[in-house]
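Asks: File name final17.pdb; file contents PDB, C-alpha atoms, pLDDT in the B column; full text below.
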ATOM      1  CA  MET A 948     195.436  58.021  74.044  1.00 61.00           C
ATOM      2  CA  THR A 949     196.992  58.280  77.486  1.00 84.00           C
ATOM      3  CA  ARG A 950     197.572  54.969  79.219  1.00 92.00           C
ATOM      4  CA  PRO A 951     197.165  54.506  82.946  1.00 95.00           C
ATOM      5  CA  SER A 952     200.425  53.925  84.795  1.00 95.00           C
ATOM      6  CA  THR A 953     199.768  51.817  87.868  1.00 95.00           C
ATOM      7  CA  PRO A 954     202.533  52.197  90.485  1.00 95.00           C
ATOM      8  CA  ASP A 955     204.127  49.173  92.132  1.00 94.00           C
ATOM      9  CA  ARG A 956     202.717  48.458  95.580  1.00 95.00           C
ATOM     10  CA  ILE A 957     203.697  46.424  98.603  1.00 96.00           C
ATOM     11  CA  ASN A 958     200.892  44.101  99.737  1.00 95.00           C
ATOM     12  CA  PRO A 959     200.026  43.428 103.400  1.00 96.00           C
ATOM     13  CA  ASP A 960     201.813  40.055 103.108  1.00 97.00           C
ATOM     14  CA  GLY A 961     205.032  41.864 102.126  1.00 95.00           C
ATOM     15  CA  PHE A 962     205.013  40.789  98.474  1.00 96.00           C
ATOM     16  CA  LYS A 963     205.230  43.396  95.707  1.00 96.00           C
ATOM     17  CA  THR A 964     202.563  43.699  92.999  1.00 95.00           C
ATOM     18  CA  ILE A 965     203.700  45.196  89.712  1.00 94.00           C
ATOM     19  CA  THR A 966     201.884  46.008  86.488  1.00 94.00           C
ATOM     20  CA  THR A 967     203.688  45.322  83.220  1.00 95.00           C
ATOM     21  CA  LYS A 968     204.515  48.519  81.361  1.00 96.00           C
ATOM     22  CA  ARG A 969     204.532  49.159  77.622  1.00 96.00           C
ATOM     23  CA  ALA A 970     207.473  50.911  76.022  1.00 96.00           C
ATOM     24  CA  CYS A 971     207.562  52.828  72.761  1.00 96.00           C
ATOM     25  CA  ASN A 972     208.992  50.604  70.074  1.00 92.00           C
ATOM     26  CA  GLY A 973     210.774  53.630  68.613  1.00 94.00           C
ATOM     27  CA  CYS A 974     212.684  55.154  71.528  1.00 96.00           C
ATOM     28  CA  GLY A 975     211.919  52.830  74.457  1.00 96.00           C
ATOM     29  CA  GLN A 976     210.185  55.448  76.625  1.00 96.00           C
ATOM     30  CA  LEU A 977     207.666  53.885  79.035  1.00 96.00           C
ATOM     31  CA  LEU A 978     204.134  54.810  77.976  1.00 96.00           C
ATOM     32  CA  GLY A 979     202.086  53.221  80.765  1.00 96.00           C
ATOM     33  CA  ASP A 980     200.385  49.923  81.532  1.00 96.00           C
ATOM     34  CA  ILE A 981     200.265  47.180  78.926  1.00 95.00           C
ATOM     35  CA  THR A 982     196.744  46.479  77.650  1.00 89.00           C
ATOM     36  CA  ASN A 983     195.030  43.082  77.927  1.00 83.00           C
ATOM     37  CA  ALA A 984     195.158  42.769  74.135  1.00 80.00           C
ATOM     38  CA  GLU A 985     198.919  43.423  74.112  1.00 87.00           C
ATOM     39  CA  MET A 986     199.511  40.903  76.900  1.00 87.00           C
ATOM     40  CA  ASN A 987     197.421  38.278  75.091  1.00 81.00           C
ATOM     41  CA  ALA A 988     199.329  38.957  71.873  1.00 81.00           C
ATOM     42  CA  ALA A 989     202.663  38.502  73.658  1.00 86.00           C
ATOM     43  CA  VAL A 990     201.547  35.296  75.384  1.00 85.00           C
ATOM     44  CA  GLY A 991     200.053  33.993  72.132  1.00 78.00           C
ATOM     45  CA  GLY A 992     203.240  34.660  70.153  1.00 80.00           C
ATOM     46  CA  ARG A 993     201.712  37.424  68.029  1.00 79.00           C
ATOM     47  CA  PRO A 994     203.548  40.681  67.364  1.00 81.00           C
ATOM     48  CA  LEU A 995     202.851  43.608  69.656  1.00 87.00           C
ATOM     49  CA  PRO A 996     201.269  46.581  67.908  1.00 87.00           C
ATOM     50  CA  ASP A 997     203.408  49.557  66.944  1.00 91.00           C
ATOM     51  CA  VAL A 998     202.717  52.229  69.580  1.00 93.00           C
ATOM     52  CA  ARG A 999     205.047  54.992  68.377  1.00 94.00           C
ATOM     53  CA  LYS A1000     202.021  57.221  67.648  1.00 93.00           C
ATOM     54  CA  GLU A1001     201.259  57.172  71.432  1.00 93.00           C
ATOM     55  CA  CYS A1002     204.751  58.363  72.349  1.00 95.00           C
ATOM     56  CA  PRO A1003     205.253  62.064  73.099  1.00 95.00           C
ATOM     57  CA  SER A1004     208.721  61.933  71.497  1.00 95.00           C
ATOM     58  CA  CYS A1005     208.091  59.703  68.480  1.00 95.00           C
ATOM     59  CA  GLY A1006     204.398  60.378  67.872  1.00 93.00           C
ATOM     60  CA  PRO A1007     204.618  63.542  65.766  1.00 93.00           C
ATOM     61  CA  THR A1008     206.858  61.895  63.151  1.00 94.00           C
ATOM     62  CA  ALA A1009     205.892  58.228  63.562  1.00 93.00           C
ATOM     63  CA  PRO A1010     204.698  56.430  60.436  1.00 91.00           C
ATOM     64  CA  GLU A1011     201.452  54.528  60.376  1.00 87.00           C
ATOM     65  CA  PRO A1012     201.978  51.043  61.822  1.00 85.00           C
ATOM     66  CA  ALA A1013     203.094  48.498  59.238  1.00 86.00           C
ATOM     67  CA  CYS A1014     200.874  45.534  58.545  1.00 88.00           C
ATOM     68  CA  ALA A1015     201.995  42.338  60.232  1.00 85.00           C
ATOM     69  CA  PRO A1016     200.782  38.889  59.205  1.00 90.00           C
ATOM     70  CA  THR A1017     199.820  36.337  61.819  1.00 87.00           C
ATOM     71  CA  THR A1018     198.426  32.825  61.588  1.00 88.00           C
ATOM     72  CA  ILE A1019     195.211  32.063  63.429  1.00 88.00           C
ATOM     73  CA  VAL A1020     192.977  29.036  63.783  1.00 86.00           C
ATOM     74  CA  ALA A1021     189.401  29.554  62.711  1.00 86.00           C
ATOM     75  CA  GLY A1022     186.257  27.476  62.818  1.00 85.00           C
ATOM     76  CA  ASP A1023     183.360  26.449  65.010  1.00 82.00           C
ATOM     77  CA  MET A1024     183.940  27.493  68.637  1.00 80.00           C
ATOM     78  CA  LEU A1025     183.235  23.994  69.993  1.00 82.00           C
ATOM     79  CA  CYS A1026     185.795  22.589  67.558  1.00 80.00           C
ATOM     80  CA  LEU A1027     188.372  25.183  68.620  1.00 77.00           C
ATOM     81  CA  ASP A1028     187.779  24.255  72.272  1.00 77.00           C
ATOM     82  CA  TYR A1029     188.114  20.507  71.521  1.00 76.00           C
ATOM     83  CA  GLU A1030     184.517  20.035  72.654  1.00 80.00           C
ATOM     84  CA  CYS A1031     182.860  19.051  69.382  1.00 81.00           C
ATOM     85  CA  ASP A1032     181.614  15.604  68.444  1.00 79.00           C
ATOM     86  CA  HIS A1033     183.360  15.528  65.041  1.00 72.00           C
ATOM     87  CA  ASP A1034     186.149  13.162  64.094  1.00 68.00           C
ATOM     88  CA  ALA A1035     189.481  14.626  65.123  1.00 62.00           C
ATOM     89  CA  ALA A1036     192.700  13.670  63.385  1.00 62.00           C
ATOM     90  CA  GLY A1037     195.555  14.641  65.676  1.00 61.00           C
ATOM     91  CA  GLY A1038     193.664  17.289  67.650  1.00 65.00           C
ATOM     92  CA  TYR A1039     191.268  19.664  65.956  1.00 69.00           C
ATOM     93  CA  CYS A1040     188.402  18.374  63.854  1.00 77.00           C
ATOM     94  CA  ASP A1041     188.129  18.854  60.099  1.00 79.00           C
ATOM     95  CA  GLU A1042     186.117  22.044  60.587  1.00 80.00           C
ATOM     96  CA  VAL A1043     189.121  23.978  61.935  1.00 84.00           C
ATOM     97  CA  ARG A1044     191.490  25.681  59.533  1.00 88.00           C
ATOM     98  CA  GLU A1045     194.532  27.946  59.712  1.00 91.00           C
ATOM     99  CA  GLU A1046     194.330  31.391  58.143  1.00 93.00           C
ATOM    100  CA  THR A1047     196.829  34.195  57.741  1.00 94.00           C
ATOM    101  CA  VAL A1048     195.398  37.598  58.649  1.00 93.00           C
ATOM    102  CA  CYS A1049     196.720  41.121  59.161  1.00 91.00           C
ATOM    103  CA  ASP A1050     197.304  41.358  62.907  1.00 87.00           C
ATOM    104  CA  THR A1051     197.641  45.149  62.706  1.00 85.00           C
ATOM    105  CA  HIS A1052     194.158  45.774  61.302  1.00 87.00           C
ATOM    106  CA  SER A1053     192.249  42.844  62.825  1.00 87.00           C
ATOM    107  CA  THR A1054     190.306  43.496  66.004  1.00 83.00           C
ATOM    108  CA  SER A1055     189.785  41.264  68.989  1.00 80.00           C
ATOM    109  CA  GLN A1056     188.293  41.242  72.435  1.00 78.00           C
ATOM    110  CA  GLU A1057     188.979  39.165  75.513  1.00 73.00           C
ATOM    111  CA  ALA A1058     186.790  36.070  75.652  1.00 72.00           C
ATOM    112  CA  GLU A1059     185.560  34.234  78.754  1.00 74.00           C
ATOM    113  CA  SER A1060     188.568  31.931  78.453  1.00 68.00           C
ATOM    114  CA  GLY A1061     190.863  34.899  79.062  1.00 66.00           C
ATOM    115  CA  TRP A1062     192.294  34.631  75.540  1.00 68.00           C
ATOM    116  CA  ASP A1063     191.557  37.029  72.736  1.00 73.00           C
ATOM    117  CA  GLU A1064     188.761  36.183  70.326  1.00 79.00           C
ATOM    118  CA  ILE A1065     189.108  37.825  66.930  1.00 83.00           C
ATOM    119  CA  THR A1066     185.980  39.815  66.170  1.00 86.00           C
ATOM    120  CA  HIS A1067     187.181  41.050  62.756  1.00 88.00           C
ATOM    121  CA  ALA A1068     189.949  39.323  60.791  1.00 89.00           C
ATOM    122  CA  GLU A1069     191.427  41.548  58.075  1.00 92.00           C
ATOM    123  CA  PRO A1070     192.577  39.257  55.226  1.00 92.00           C
ATOM    124  CA  TRP A1071     196.220  38.962  54.240  1.00 94.00           C
ATOM    125  CA  PRO A1072     197.739  40.490  52.267  1.00 92.00           C
ATOM    126  CA  CYS A1073     196.256  43.547  53.903  1.00 90.00           C
ATOM    127  CA  GLN A1074     194.822  46.217  51.617  1.00 87.00           C
ATOM    128  CA  TYR A1075     195.342  49.089  54.089  1.00 78.00           C
ATOM    129  CA  ASP A1076     198.901  49.832  53.033  1.00 60.00           C
ATOM    130  CA  LYS A1077     199.351  47.324  50.212  1.00 52.00           C
ATOM    131  CA  ALA A1078     201.549  45.189  52.473  1.00 42.00           C
ATOM    132  CA  VAL A1079     203.805  42.712  50.765  1.00 44.00           C
ATOM    133  CA  THR A1080     204.507  39.316  52.260  1.00 45.00           C
ATOM    134  CA  SER A1081     208.138  38.601  52.963  1.00 43.00           C
TER     135      SER A1081
END
Since I need it in another form, could you write the structure as structure tokens?

Replies:
Amino acid sequence: MTRPSTPDRINPDGFKTITTKRACNGCGQLLGDITNAEMNAAVGGRPLPDVRKECPSCGPTAPEPACAPTTIVAGDMLCLDYECDHDAAGGYCDEVREETVCDTHSTSQEAESGWDEITHAEPWPCQYDKAVTS
């Protein structure tokens, strides 16, 4: 996959617009623009995916990305948005729970809120590479 690489530009008002770039986590080479999913992961405190396979230098010998656990909140969407009519004890209602999932093999898409919504949560410990919790 080749990423776009948007150049910096000077706006008519004189301010500069930049696009955040993603670097290889093996050698540090810039690979192109960061994706929305990567930006949301960074803002949300989740690990960024291993992108060594995308790197021209590291890709040929890069291992498959290791599984990485992450904790998510799951439950009814209205409860997650604090818009339900259930009793809430300290914030979320009783229908919201925390789960640990494999961030590497779970998939998500950007929701209307601008945050990622997990569309498939791969359970932890992940069975893809027999990951072991630390």

Asks: Can you give me, as number ranges by chain, the residues this file yields under the PyMOL selection byres ((chain A and resi 967) around 12)?

Replies: A: 951-955, 964-966, 968-970, 977-983, 985-986, 989

Asks: Sorted by chain and rising residue number, list the residues of stretch 966-1036 of chain A at most 7 Å from stretch 1049-1067 of chain A (counting all atoms listed in the file), each with its closest atom pair and distance in Å to one decimal, as a Markdown table.

Replies:
| residue | atom | partner | partner_atom | distance |
| --- | --- | --- | --- | --- |
| A:Ala984 | CA | A:Asp1063 | CA | 6.9 |
| A:Asn987 | CA | A:Trp1062 | CA | 6.3 |
| A:Pro996 | CA | A:Thr1051 | CA | 6.5 |
| A:Cys1014 | CA | A:Thr1051 | CA | 5.3 |
| A:Ala1015 | CA | A:Asp1050 | CA | 5.5 |
| A:Pro1016 | CA | A:Cys1049 | CA | 4.6 |
| A:Thr1017 | CA | A:Asp1050 | CA | 5.7 |

Asks: Could you pull the residues within 8 Å of A:Glu1046, counting only C-alpha atoms, minus those fewer than 4 positions along the same chain, as a list in words?

Replies: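 Listed by chain and then number, they are Thr1018, Ile1019, Val1020 and Ala1021 of chain A.
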
Asks: Check the smallest atom-to-atom distance from each of A:Cys1073, A:Ala1068, A:Ile957, A:Leu1027 to A:Cys1040 using only C-alpha atoms, then report the winner.

Replies: A:Leu1027

Asks: Take the PyMOL selection byres ((chain A and resi 1001) around 10), run it mentally on this structure, and tell me the resulting residues as a PyMOL selection string.

Replies: chain A and resi 948-950+970-971+978+997-1000+1002-1007+1009

Asks: Only C-alpha atoms, please: the residues just picked out, written as an mmCIF file, keeping the file's coordinate frame.

Replies:
data_model
loop_
_atom_site.group_PDB
_atom_site.id
_atom_site.type_symbol
_atom_site.label_atom_id
_atom_site.label_comp_id
_atom_site.auth_asym_id
_atom_site.auth_seq_id
_atom_site.Cartn_x
_atom_site.Cartn_y
_atom_site.Cartn_z
ATOM 1 C CA MET A 948 195.436 58.021 74.044
ATOM 2 C CA THR A 949 196.992 58.280 77.486
ATOM 3 C CA ARG A 950 197.572 54.969 79.219
ATOM 4 C CA ALA A 970 207.473 50.911 76.022
ATOM 5 C CA CYS A 971 207.562 52.828 72.761
ATOM 6 C CA LEU A 978 204.134 54.810 77.976
ATOM 7 C CA ASP A 997 203.408 49.557 66.944
ATOM 8 C CA VAL A 998 202.717 52.229 69.580
ATOM 9 C CA ARG A 999 205.047 54.992 68.377
ATOM 10 C CA LYS A 1000 202.021 57.221 67.648
ATOM 11 C CA CYS A 1002 204.751 58.363 72.349
ATOM 12 C CA PRO A 1003 205.253 62.064 73.099
ATOM 13 C CA SER A 1004 208.721 61.933 71.497
ATOM 14 C CA CYS A 1005 208.091 59.703 68.480
ATOM 15 C CA GLY A 1006 204.398 60.378 67.872
ATOM 16 C CA PRO A 1007 204.618 63.542 65.766
ATOM 17 C CA ALA A 1009 205.892 58.228 63.562
#

Asks: How far is it from atom CA of A:Arg956 to atom CA of A:Cys974, in Å with one decimal?

Replies: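 Going from atom CA of A:Arg956 over to atom CA of A:Cys974 covers 26.9 Å.
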
Asks: Between atom CA of A:Val990 and atom CA of A:Pro1070, measure the distance and give it in Å to one decimal.

Replies: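 Straight-line distance from atom CA of A:Val990 to atom CA of A:Pro1070 works out to 22.4 Å.
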
Asks: By how many Å are atom CA of A:Ala1013 and atom CA of A:Gly975 apart?

Replies: 18.1 Å

Asks: Choose the residue, out of A:Ala988, A:Val1048, A:Cys1031, A:Met1024, that has the smallest atom-to-atom separation from A:Pro1072; count all atoms listed in the file.

Replies: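 The shortest atom-to-atom distance to A:Pro1072 comes from A:Val1048.
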
Asks: For a quick check of understanding, using all atoms listed in the file, which of A:Asp1041, A:Leu995, A:Asp960, A:Pro1012 has the smallest distance to A:Cys1026?

Replies: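 Once distances to A:Cys1026 are computed over all atoms listed in the file, the minimum belongs to A:Asp1041.
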
Asks: Nearest to A:Gly973 among A:Gly992, A:Pro959, A:Thr1008, A:Glu1042, with distances taken over only C-alpha atoms: which residue is it?

Replies: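 Going through A:Gly992, A:Pro959, A:Thr1008, A:Glu1042 one by one, the smallest distance to A:Gly973 is for A:Thr1008.
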
Asks: Rank nothing, just name the residue among A:Asn972, A:Gly991, A:Phe962, A:Val1043 nearest to A:Leu1025, using all atoms listed in the file.

Replies: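 Of A:Asn972, A:Gly991, A:Phe962, A:Val1043, the one nearest A:Leu1025, counting all atoms listed in the file, is A:Val1043.
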
Asks: Starting from the sparse input, extend stretch 1004-1018 of chain A to N, CA, C and O atoms and give the output as a PDB file, in the coordinates of the input.

Replies:
ATOM      1  N   SER A1004     207.514  61.623  72.273  1.00 95.00           N
ATOM      2  CA  SER A1004     208.721  61.933  71.497  1.00 95.00           C
ATOM      3  C   SER A1004     208.608  61.489  70.046  1.00 95.00           C
ATOM      4  O   SER A1004     208.966  62.229  69.133  1.00 95.00           O
ATOM      5  N   CYS A1005     208.126  60.273  69.830  1.00 95.00           N
ATOM      6  CA  CYS A1005     208.091  59.703  68.480  1.00 95.00           C
ATOM      7  C   CYS A1005     206.797  59.997  67.725  1.00 95.00           C
ATOM      8  O   CYS A1005     206.774  59.983  66.500  1.00 95.00           O
ATOM      9  N   GLY A1006     205.717  60.243  68.466  1.00 93.00           N
ATOM     10  CA  GLY A1006     204.398  60.378  67.872  1.00 93.00           C
ATOM     11  C   GLY A1006     204.272  61.351  66.723  1.00 93.00           C
ATOM     12  O   GLY A1006     203.681  61.012  65.690  1.00 93.00           O
ATOM     13  N   PRO A1007     204.816  62.570  66.846  1.00 93.00           N
ATOM     14  CA  PRO A1007     204.618  63.542  65.766  1.00 93.00           C
ATOM     15  C   PRO A1007     205.192  63.110  64.417  1.00 93.00           C
ATOM     16  O   PRO A1007     204.682  63.507  63.379  1.00 93.00           O
ATOM     17  N   THR A1008     206.240  62.288  64.419  1.00 94.00           N
ATOM     18  CA  THR A1008     206.858  61.895  63.151  1.00 94.00           C
ATOM     19  C   THR A1008     206.721  60.399  62.867  1.00 94.00           C
ATOM     20  O   THR A1008     207.260  59.917  61.876  1.00 94.00           O
ATOM     21  N   ALA A1009     206.007  59.679  63.727  1.00 93.00           N
ATOM     22  CA  ALA A1009     205.892  58.228  63.562  1.00 93.00           C
ATOM     23  C   ALA A1009     205.055  57.884  62.333  1.00 93.00           C
ATOM     24  O   ALA A1009     204.013  58.488  62.088  1.00 93.00           O
ATOM     25  N   PRO A1010     205.499  56.879  61.575  1.00 91.00           N
ATOM     26  CA  PRO A1010     204.698  56.430  60.436  1.00 91.00           C
ATOM     27  C   PRO A1010     203.504  55.624  60.925  1.00 91.00           C
ATOM     28  O   PRO A1010     203.453  55.205  62.082  1.00 91.00           O
ATOM     29  N   GLU A1011     202.563  55.413  60.045  1.00 87.00           N
ATOM     30  CA  GLU A1011     201.452  54.528  60.376  1.00 87.00           C
ATOM     31  C   GLU A1011     202.024  53.139  60.621  1.00 87.00           C
ATOM     32  O   GLU A1011     202.992  52.746  59.973  1.00 87.00           O
ATOM     33  N   PRO A1012     201.453  52.380  61.547  1.00 85.00           N
ATOM     34  CA  PRO A1012     201.978  51.043  61.822  1.00 85.00           C
ATOM     35  C   PRO A1012     201.945  50.160  60.578  1.00 85.00           C
ATOM     36  O   PRO A1012     200.978  50.175  59.824  1.00 85.00           O
ATOM     37  N   ALA A1013     203.018  49.411  60.377  1.00 86.00           N
ATOM     38  CA  ALA A1013     203.094  48.498  59.238  1.00 86.00           C
ATOM     39  C   ALA A1013     202.199  47.296  59.486  1.00 86.00           C
ATOM     40  O   ALA A1013     201.968  46.899  60.626  1.00 86.00           O
ATOM     41  N   CYS A1014     201.689  46.735  58.429  1.00 88.00           N
ATOM     42  CA  CYS A1014     200.874  45.534  58.545  1.00 88.00           C
ATOM     43  C   CYS A1014     201.768  44.362  58.921  1.00 88.00           C
ATOM     44  O   CYS A1014     202.897  44.257  58.458  1.00 88.00           O
ATOM     45  N   ALA A1015     201.244  43.509  59.786  1.00 85.00           N
ATOM     46  CA  ALA A1015     201.995  42.338  60.232  1.00 85.00           C
ATOM     47  C   ALA A1015     201.118  41.108  60.095  1.00 85.00           C
ATOM     48  O   ALA A1015     200.030  41.062  60.659  1.00 85.00           O
ATOM     49  N   PRO A1016     201.583  40.099  59.338  1.00 90.00           N
ATOM     50  CA  PRO A1016     200.782  38.889  59.205  1.00 90.00           C
ATOM     51  C   PRO A1016     200.877  38.029  60.458  1.00 90.00           C
ATOM     52  O   PRO A1016     201.888  38.034  61.164  1.00 90.00           O
ATOM     53  N   THR A1017     199.815  37.322  60.744  1.00 87.00           N
ATOM     54  CA  THR A1017     199.820  36.337  61.819  1.00 87.00           C
ATOM     55  C   THR A1017     198.907  35.190  61.417  1.00 87.00           C
ATOM     56  O   THR A1017     197.961  35.389  60.662  1.00 87.00           O
ATOM     57  N   THR A1018     199.228  34.004  61.899  1.00 88.00           N
ATOM     58  CA  THR A1018     198.426  32.825  61.588  1.00 88.00           C
ATOM     59  C   THR A1018     197.481  32.555  62.748  1.00 88.00           C
ATOM     60  O   THR A1018     197.890  32.571  63.906  1.00 88.00           O
TER      61      THR A1018
END
